[in-house]
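Shown here: my_file-v1.pdb, PDB, C-alpha atoms, pLDDT in the B column.
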ATOM      1  CA  MET A 305      31.375 115.617  94.144  1.00 49.00           C
ATOM      2  CA  GLY A 306      31.169 119.095  92.663  1.00 50.00           C
ATOM      3  CA  GLU A 307      33.800 120.941  90.747  1.00 50.00           C
ATOM      4  CA  HIS A 308      34.814 122.990  93.808  1.00 51.00           C
ATOM      5  CA  GLU A 309      35.070 119.945  96.038  1.00 51.00           C
ATOM      6  CA  GLU A 310      37.963 118.305  94.186  1.00 53.00           C
ATOM      7  CA  SER A 311      40.934 117.994  96.443  1.00 54.00           C
ATOM      8  CA  GLU A 312      43.865 120.160  95.553  1.00 54.00           C
ATOM      9  CA  PRO A 313      47.427 118.997  96.062  1.00 51.00           C
ATOM     10  CA  VAL A 314      48.747 119.789  99.516  1.00 56.00           C
ATOM     11  CA  GLN A 315      51.037 122.796  99.453  1.00 62.00           C
ATOM     12  CA  ASP A 316      54.532 121.740 100.527  1.00 76.00           C
ATOM     13  CA  ASP A 317      55.884 124.203 103.059  1.00 89.00           C
ATOM     14  CA  ILE A 318      59.601 123.543 102.698  1.00 90.00           C
ATOM     15  CA  GLU A 319      60.371 126.384 105.095  1.00 92.00           C
ATOM     16  CA  ALA A 320      58.277 124.819 107.884  1.00 91.00           C
ATOM     17  CA  VAL A 321      59.971 121.460 107.334  1.00 91.00           C
ATOM     18  CA  THR A 322      63.392 123.123 107.322  1.00 92.00           C
ATOM     19  CA  ARG A 323      62.609 124.872 110.629  1.00 93.00           C
ATOM     20  CA  ALA A 324      61.443 121.590 112.177  1.00 92.00           C
ATOM     21  CA  VAL A 325      64.579 119.741 111.030  1.00 93.00           C
ATOM     22  CA  LEU A 326      66.821 122.557 112.288  1.00 94.00           C
ATOM     23  CA  THR A 327      65.084 122.433 115.668  1.00 95.00           C
ATOM     24  CA  ALA A 328      65.481 118.645 115.828  1.00 94.00           C
ATOM     25  CA  SER A 329      69.116 119.058 114.810  1.00 93.00           C
ATOM     26  CA  ARG A 330      69.636 121.529 117.640  1.00 94.00           C
ATOM     27  CA  LEU A 331      68.113 119.023 120.071  1.00 95.00           C
ATOM     28  CA  LEU A 332      70.351 116.237 118.772  1.00 92.00           C
ATOM     29  CA  VAL A 333      73.454 118.444 119.040  1.00 88.00           C
ATOM     30  CA  ALA A 334      72.501 119.187 122.650  1.00 91.00           C
ATOM     31  CA  VAL A 335      72.099 115.457 123.320  1.00 92.00           C
ATOM     32  CA  SER A 336      75.489 114.864 121.666  1.00 87.00           C
ATOM     33  CA  ALA A 337      77.145 117.549 123.758  1.00 85.00           C
ATOM     34  CA  ARG A 338      75.680 116.114 126.965  1.00 88.00           C
ATOM     35  CA  SER A 339      76.804 112.614 126.009  1.00 89.00           C
ATOM     36  CA  LEU A 340      80.363 113.930 125.656  1.00 88.00           C
ATOM     37  CA  ALA A 341      80.298 115.498 129.130  1.00 86.00           C
ATOM     38  CA  THR A 342      82.538 112.875 130.738  1.00 78.00           C
ATOM     39  CA  VAL A 343      85.231 113.262 128.067  1.00 79.00           C
ATOM     40  CA  GLU A 344      84.547 116.904 127.202  1.00 66.00           C
ATOM     41  CA  GLU A 345      87.835 118.186 128.608  1.00 72.00           C
ATOM     42  CA  SER A 346      89.871 116.021 126.273  1.00 78.00           C
ATOM     43  CA  ILE A 347      87.635 115.635 123.192  1.00 88.00           C
ATOM     44  CA  THR A 348      85.721 118.241 121.219  1.00 86.00           C
ATOM     45  CA  LEU A 349      82.598 117.407 119.228  1.00 84.00           C
ATOM     46  CA  PRO A 350      84.536 117.566 115.886  1.00 89.00           C
ATOM     47  CA  GLN A 351      87.204 115.261 117.325  1.00 92.00           C
ATOM     48  CA  PHE A 352      84.516 112.851 118.481  1.00 91.00           C
ATOM     49  CA  ARG A 353      83.045 112.918 114.971  1.00 91.00           C
ATOM     50  CA  MET A 354      86.490 111.890 113.681  1.00 95.00           C
ATOM     51  CA  LEU A 355      86.542 108.977 116.123  1.00 95.00           C
ATOM     52  CA  VAL A 356      83.052 107.934 114.996  1.00 93.00           C
ATOM     53  CA  VAL A 357      84.092 108.051 111.330  1.00 93.00           C
ATOM     54  CA  LEU A 358      87.079 105.825 112.072  1.00 94.00           C
ATOM     55  CA  SER A 359      84.890 103.491 114.106  1.00 93.00           C
ATOM     56  CA  THR A 360      82.395 103.093 111.265  1.00 91.00           C
ATOM     57  CA  ARG A 361      84.775 103.140 108.293  1.00 89.00           C
ATOM     58  CA  GLY A 362      87.811 101.450 109.820  1.00 91.00           C
ATOM     59  CA  PRO A 363      91.437 102.473 109.344  1.00 92.00           C
ATOM     60  CA  SER A 364      91.857 105.379 106.976  1.00 93.00           C
ATOM     61  CA  LYS A 365      94.452 107.575 105.344  1.00 93.00           C
ATOM     62  CA  LEU A 366      94.499 111.191 106.494  1.00 93.00           C
ATOM     63  CA  VAL A 367      93.334 112.625 103.156  1.00 93.00           C
ATOM     64  CA  ALA A 368      90.372 110.240 102.958  1.00 93.00           C
ATOM     65  CA  LEU A 369      89.431 111.016 106.559  1.00 94.00           C
ATOM     66  CA  ALA A 370      89.649 114.783 105.975  1.00 94.00           C
ATOM     67  CA  ASP A 371      87.551 114.430 102.825  1.00 93.00           C
ATOM     68  CA  HIS A 372      84.872 112.425 104.623  1.00 91.00           C
ATOM     69  CA  LEU A 373      84.739 115.013 107.424  1.00 92.00           C
ATOM     70  CA  GLY A 374      84.705 117.922 104.963  1.00 92.00           C
ATOM     71  CA  VAL A 375      87.807 119.577 106.429  1.00 94.00           C
ATOM     72  CA  GLN A 376      91.223 120.477 105.081  1.00 96.00           C
ATOM     73  CA  PRO A 377      93.944 117.837 105.602  1.00 94.00           C
ATOM     74  CA  SER A 378      95.889 120.304 107.784  1.00 95.00           C
ATOM     75  CA  THR A 379      92.860 120.667 110.083  1.00 95.00           C
ATOM     76  CA  ALA A 380      92.417 116.901 110.189  1.00 95.00           C
ATOM     77  CA  MET A 381      96.132 116.471 110.987  1.00 95.00           C
ATOM     78  CA  ARG A 382      95.861 118.789 114.006  1.00 95.00           C
ATOM     79  CA  MET A 383      92.853 116.813 115.233  1.00 96.00           C
ATOM     80  CA  VAL A 384      94.698 113.525 114.659  1.00 96.00           C
ATOM     81  CA  ASP A 385      97.748 114.754 116.558  1.00 96.00           C
ATOM     82  CA  ARG A 386      95.593 115.669 119.561  1.00 95.00           C
ATOM     83  CA  LEU A 387      93.727 112.357 119.476  1.00 96.00           C
ATOM     84  CA  ILE A 388      96.991 110.399 119.223  1.00 96.00           C
ATOM     85  CA  ALA A 389      98.394 112.380 122.175  1.00 94.00           C
ATOM     86  CA  SER A 390      95.205 111.477 124.097  1.00 93.00           C
ATOM     87  CA  GLY A 391      95.731 107.792 123.333  1.00 94.00           C
ATOM     88  CA  LEU A 392      92.502 107.496 121.321  1.00 95.00           C
ATOM     89  CA  MET A 393      94.055 106.963 117.876  1.00 97.00           C
ATOM     90  CA  ASP A 394      97.280 105.678 116.458  1.00 96.00           C
ATOM     91  CA  ARG A 395      99.191 105.848 113.204  1.00 94.00           C
ATOM     92  CA  ARG A 396     100.459 102.667 111.574  1.00 92.00           C
ATOM     93  CA  THR A 397     102.224 101.758 108.383  1.00 87.00           C
ATOM     94  CA  ASN A 398      99.824 100.332 105.832  1.00 82.00           C
ATOM     95  CA  PRO A 399     100.828  96.663 105.441  1.00 81.00           C
ATOM     96  CA  ALA A 400      99.595  96.730 101.832  1.00 82.00           C
ATOM     97  CA  ASN A 401     101.733  99.781 100.951  1.00 84.00           C
ATOM     98  CA  ARG A 402     104.590 100.567 103.316  1.00 86.00           C
ATOM     99  CA  ARG A 403     104.818 104.146 101.995  1.00 87.00           C
ATOM    100  CA  GLU A 404     101.386 104.928 103.426  1.00 87.00           C
ATOM    101  CA  THR A 405     100.269 105.379 106.985  1.00 89.00           C
ATOM    102  CA  VAL A 406      96.780 104.658 108.201  1.00 93.00           C
ATOM    103  CA  LEU A 407      94.968 106.089 111.166  1.00 95.00           C
ATOM    104  CA  ARG A 408      92.937 103.897 113.449  1.00 95.00           C
ATOM    105  CA  LEU A 409      91.268 103.869 116.821  1.00 96.00           C
ATOM    106  CA  THR A 410      93.011 102.436 119.828  1.00 97.00           C
ATOM    107  CA  GLU A 411      91.119 100.213 122.244  1.00 96.00           C
ATOM    108  CA  GLU A 412      90.585 103.311 124.418  1.00 95.00           C
ATOM    109  CA  GLY A 413      89.251 105.233 121.406  1.00 95.00           C
ATOM    110  CA  SER A 414      86.802 102.425 120.662  1.00 95.00           C
ATOM    111  CA  ARG A 415      85.716 102.390 124.305  1.00 94.00           C
ATOM    112  CA  VAL A 416      85.110 106.155 124.278  1.00 94.00           C
ATOM    113  CA  VAL A 417      82.991 105.921 121.111  1.00 94.00           C
ATOM    114  CA  GLN A 418      81.005 103.056 122.581  1.00 94.00           C
ATOM    115  CA  ASP A 419      80.466 104.791 125.957  1.00 93.00           C
ATOM    116  CA  VAL A 420      79.443 108.135 124.458  1.00 93.00           C
ATOM    117  CA  THR A 421      77.160 106.405 121.965  1.00 92.00           C
ATOM    118  CA  SER A 422      75.542 104.423 124.780  1.00 94.00           C
ATOM    119  CA  ARG A 423      74.836 107.620 126.753  1.00 93.00           C
ATOM    120  CA  ARG A 424      73.440 109.284 123.622  1.00 92.00           C
ATOM    121  CA  ARG A 425      71.257 106.285 122.881  1.00 94.00           C
ATOM    122  CA  THR A 426      69.865 106.279 126.453  1.00 95.00           C
ATOM    123  CA  GLU A 427      68.906 109.955 126.261  1.00 95.00           C
ATOM    124  CA  ILE A 428      67.358 109.653 122.790  1.00 95.00           C
ATOM    125  CA  THR A 429      65.374 106.611 123.936  1.00 96.00           C
ATOM    126  CA  ALA A 430      64.038 108.596 126.903  1.00 96.00           C
ATOM    127  CA  ILE A 431      62.892 111.387 124.569  1.00 96.00           C
ATOM    128  CA  LEU A 432      61.230 108.925 122.180  1.00 96.00           C
ATOM    129  CA  ARG A 433      59.355 107.188 125.024  1.00 96.00           C
ATOM    130  CA  ARG A 434      57.482 110.487 125.529  1.00 97.00           C
ATOM    131  CA  LEU A 435      55.891 110.082 122.081  1.00 95.00           C
ATOM    132  CA  ASP A 436      52.868 107.877 121.525  1.00 96.00           C
ATOM    133  CA  PRO A 437      53.511 104.804 119.332  1.00 95.00           C
ATOM    134  CA  ALA A 438      51.755 106.252 116.254  1.00 95.00           C
ATOM    135  CA  ARG A 439      54.009 109.328 116.327  1.00 96.00           C
ATOM    136  CA  ARG A 440      57.092 107.129 116.725  1.00 95.00           C
ATOM    137  CA  THR A 441      56.031 105.122 113.661  1.00 95.00           C
ATOM    138  CA  ALA A 442      55.508 108.316 111.656  1.00 95.00           C
ATOM    139  CA  LEU A 443      58.889 109.610 112.850  1.00 95.00           C
ATOM    140  CA  VAL A 444      60.630 106.426 111.676  1.00 94.00           C
ATOM    141  CA  GLU A 445      59.053 106.790 108.235  1.00 94.00           C
ATOM    142  CA  ALA A 446      59.965 110.474 107.980  1.00 94.00           C
ATOM    143  CA  LEU A 447      63.526 109.982 109.195  1.00 93.00           C
ATOM    144  CA  ASP A 448      64.075 106.981 106.909  1.00 92.00           C
ATOM    145  CA  ALA A 449      63.026 109.134 103.956  1.00 92.00           C
ATOM    146  CA  PHE A 450      65.195 112.036 105.153  1.00 92.00           C
ATOM    147  CA  ASN A 451      68.226 109.786 105.640  1.00 90.00           C
ATOM    148  CA  SER A 452      67.702 108.200 102.244  1.00 90.00           C
ATOM    149  CA  ALA A 453      67.501 111.628 100.578  1.00 91.00           C
ATOM    150  CA  GLY A 454      70.750 112.555 102.342  1.00 88.00           C
ATOM    151  CA  GLN A 455      72.333 109.240 101.295  1.00 84.00           C
ATOM    152  CA  GLU A 456      73.058 108.222 104.880  1.00 79.00           C
ATOM    153  CA  PRO A 457      73.251 104.440 105.275  1.00 76.00           C
ATOM    154  CA  ALA A 458      70.616 102.906 107.508  1.00 73.00           C
ATOM    155  CA  PHE A 459      71.411 101.953 111.089  1.00 67.00           C
ATOM    156  CA  GLY A 460      70.582  98.236 111.074  1.00 55.00           C
ATOM    157  CA  ASP A 461      69.298  95.980 113.829  1.00 48.00           C
ATOM    158  CA  GLY A 462      72.659  94.223 113.877  1.00 44.00           C
ATOM    159  CA  ASP A 463      74.278  97.535 114.864  1.00 47.00           C
ATOM    160  CA  LEU A 464      72.708  97.414 118.313  1.00 39.00           C
ATOM    161  CA  GLY A 465      75.166  94.953 119.861  1.00 40.00           C
ATOM    162  CA  SER A 466      78.650  95.554 121.174  1.00 38.00           C
ATOM    163  CA  HIS A 467      79.404  97.800 118.189  1.00 37.00           C
ATOM    164  CA  PRO A 468      76.438 100.185 118.180  1.00 39.00           C
ATOM    165  CA  LEU A 469      77.635 102.169 115.180  1.00 39.00           C
ATOM    166  CA  GLY A 470      78.302  99.130 113.018  1.00 37.00           C
ATOM    167  CA  TRP A 471      82.091  99.167 112.967  1.00 33.00           C
ATOM    168  CA  SER A 472      84.240  96.049 112.785  1.00 34.00           C
ATOM    169  CA  ASP A 473      86.597  95.295 115.648  1.00 35.00           C
ATOM    170  CA  TRP A 474      89.810  95.989 113.744  1.00 32.00           C
ATOM    171  CA  ALA A 475      91.564  97.219 116.912  1.00 34.00           C
ATOM    172  CA  ASP A 476      92.204  93.526 117.583  1.00 34.00           C
ATOM    173  CA  GLY A 477      93.563  92.938 114.091  1.00 36.00           C
ATOM    174  CA  GLY A 478      90.371  92.539 112.050  1.00 36.00           C
ATOM    175  CA  THR A 479      89.395  94.800 109.161  1.00 35.00           C
TER     176      THR A 479
END

Please re-express this file's structure in structure tokens.
Amino acid sequence: MGEHEESEPVQDDIEAVTRAVLTASRLLVAVSARSLATVEESITLPQFRMLVVLSTRGPSKLVALADHLGVQPSTAMRMVDRLIASGLMDRRTNPANRRETVLRLTEEGSRVVQDVTSRRRTEITAILRRLDPARRTALVEALDAFNSAGQEPAFGDGDLGSHPLGWSDWADGGT
């Protein structure tokens, strides 16, 4: 192998990767919006995100919920008030500290999260079936690395059952 034939490191085109991720993000937002179609009149995408956070993290105080969502507590409170009025969340006194209130999903809220997630999963599965198996394998590897870099916990095999986002069934008294 001559001096000119040595392989040079591959140039990382961060801009091309960013464009590809933004495009995929746009697709996933569209899938999310379509999956909300049956509840769209009563729940916005940010409100649904709040429901998902409660479903995955369990009961939460308002400030912790707002912090996790990256919104001001006053914004979170308006969302909470609307979701409580819709019957999807409730407010309860924290049994461990009676001066605190915690927010949690109602059974209807859990059902909505599960139904919307099921519709989203069906549409994403249909998209993925259009890829050949080698591309799906490469996509898993790339997305696992991306999720790890973003510190997003993995979606485990056990999350595929009746609680597809991995939440515990605390609506019936569990934690």

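Residues matching the PyMOL selection byres ((chain A and resi 397) around 12) in this structure come to Pro363, Ser364, Lys365, Asp394, Arg395, Arg396, Asn398, Pro399, Ala400, Asn401, Arg402, Arg403, Glu404, Thr405, Val406, Leu407 and Arg408 of chain A.
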
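For the atom pair formed by CA of Leu409 (chain A) and CA of Ser336 (chain A), the distance is 19.8 Å, given to one decimal.
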
For CA of Ser390 (chain A) and CA of Ser339 (chain A), the interatomic separation in Å (one decimal): 18.5 Å

Selection result of the PyMOL selection byres ((chain A and resi 417-421) around 7) on this file, as a list in words: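 Checked against the file, the PyMOL selection byres ((chain A and resi 417-421) around 7) matches Ser339, Leu340, Leu355, Val356, Gly413, Ser414, Arg415, Val416, Ser422, Arg423, Arg424, Arg425 and Pro468 of chain A.
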
Given the selection you just returned, output its residues as a file containing C-alpha atoms, formatted as a PDB file, keeping the file's coordinate frame.
ATOM      1  CA  SER A 339      76.804 112.614 126.009  1.00 89.00           C
ATOM      2  CA  LEU A 340      80.363 113.930 125.656  1.00 88.00           C
ATOM      3  CA  LEU A 355      86.542 108.977 116.123  1.00 95.00           C
ATOM      4  CA  VAL A 356      83.052 107.934 114.996  1.00 93.00           C
ATOM      5  CA  GLY A 413      89.251 105.233 121.406  1.00 95.00           C
ATOM      6  CA  SER A 414      86.802 102.425 120.662  1.00 95.00           C
ATOM      7  CA  ARG A 415      85.716 102.390 124.305  1.00 94.00           C
ATOM      8  CA  VAL A 416      85.110 106.155 124.278  1.00 94.00           C
ATOM      9  CA  SER A 422      75.542 104.423 124.780  1.00 94.00           C
ATOM     10  CA  ARG A 423      74.836 107.620 126.753  1.00 93.00           C
ATOM     11  CA  ARG A 424      73.440 109.284 123.622  1.00 92.00           C
ATOM     12  CA  ARG A 425      71.257 106.285 122.881  1.00 94.00           C
ATOM     13  CA  PRO A 468      76.438 100.185 118.180  1.00 39.00           C
TER      14      PRO A 468
END

Coordinates-based distance that separates CA of Leu392 (chain A) from CA of Arg353 (chain A) (Å, one decimal):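 Taking CA of Arg353 (chain A) as the start and CA of Leu392 (chain A) as the end point, the length is 12.6 Å.
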
Output, as lines of an AutoDock Vina configuration file, the centre and edge lengths in Å (one decimal) of the axis-aligned box that contains all listed atoms of region 351-360 of chain A with 4 Å of margin on each side.
center_x = 84.8
center_y = 109.2
center_z = 114.9
size_x = 12.8
size_y = 20.2
size_z = 15.2

Please write as a tab-separated table (two decimals) with C-alpha atoms, keeping the file's coordinate frame the full residue list that the PyMOL selection byres ((chain A and resi 370-378) around 12) yields on this file.
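What ended up in selection.tsv:
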chain	number	residue	atom	x	y	z
A	350	PRO	CA	84.54	117.57	115.89
A	351	GLN	CA	87.20	115.26	117.32
A	352	PHE	CA	84.52	112.85	118.48
A	353	ARG	CA	83.04	112.92	114.97
A	354	MET	CA	86.49	111.89	113.68
A	355	LEU	CA	86.54	108.98	116.12
A	356	VAL	CA	83.05	107.93	115.00
A	357	VAL	CA	84.09	108.05	111.33
A	358	LEU	CA	87.08	105.82	112.07
A	360	THR	CA	82.40	103.09	111.26
A	361	ARG	CA	84.78	103.14	108.29
A	364	SER	CA	91.86	105.38	106.98
A	365	LYS	CA	94.45	107.58	105.34
A	366	LEU	CA	94.50	111.19	106.49
A	367	VAL	CA	93.33	112.62	103.16
A	368	ALA	CA	90.37	110.24	102.96
A	369	LEU	CA	89.43	111.02	106.56
A	379	THR	CA	92.86	120.67	110.08
A	380	ALA	CA	92.42	116.90	110.19
A	381	MET	CA	96.13	116.47	110.99
A	382	ARG	CA	95.86	118.79	114.01
A	383	MET	CA	92.85	116.81	115.23
A	384	VAL	CA	94.70	113.52	114.66
A	385	ASP	CA	97.75	114.75	116.56
A	407	LEU	CA	94.97	106.09	111.17

Among the residues A:Glu411, A:Leu443, A:Ser329, A:Ser346, the one that comes closest to Leu387 (chain A) [using only C-alpha atoms]: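 Among A:Glu411, A:Leu443, A:Ser329, A:Ser346, it is A:Ser346 that comes nearest to Leu387 (chain A).
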
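Comparing A:Ala438, A:Val333, A:Ile428, A:Ala446 by their smallest distance to Val321 (chain A), the closest is A:Ala446 (using only C-alpha atoms).
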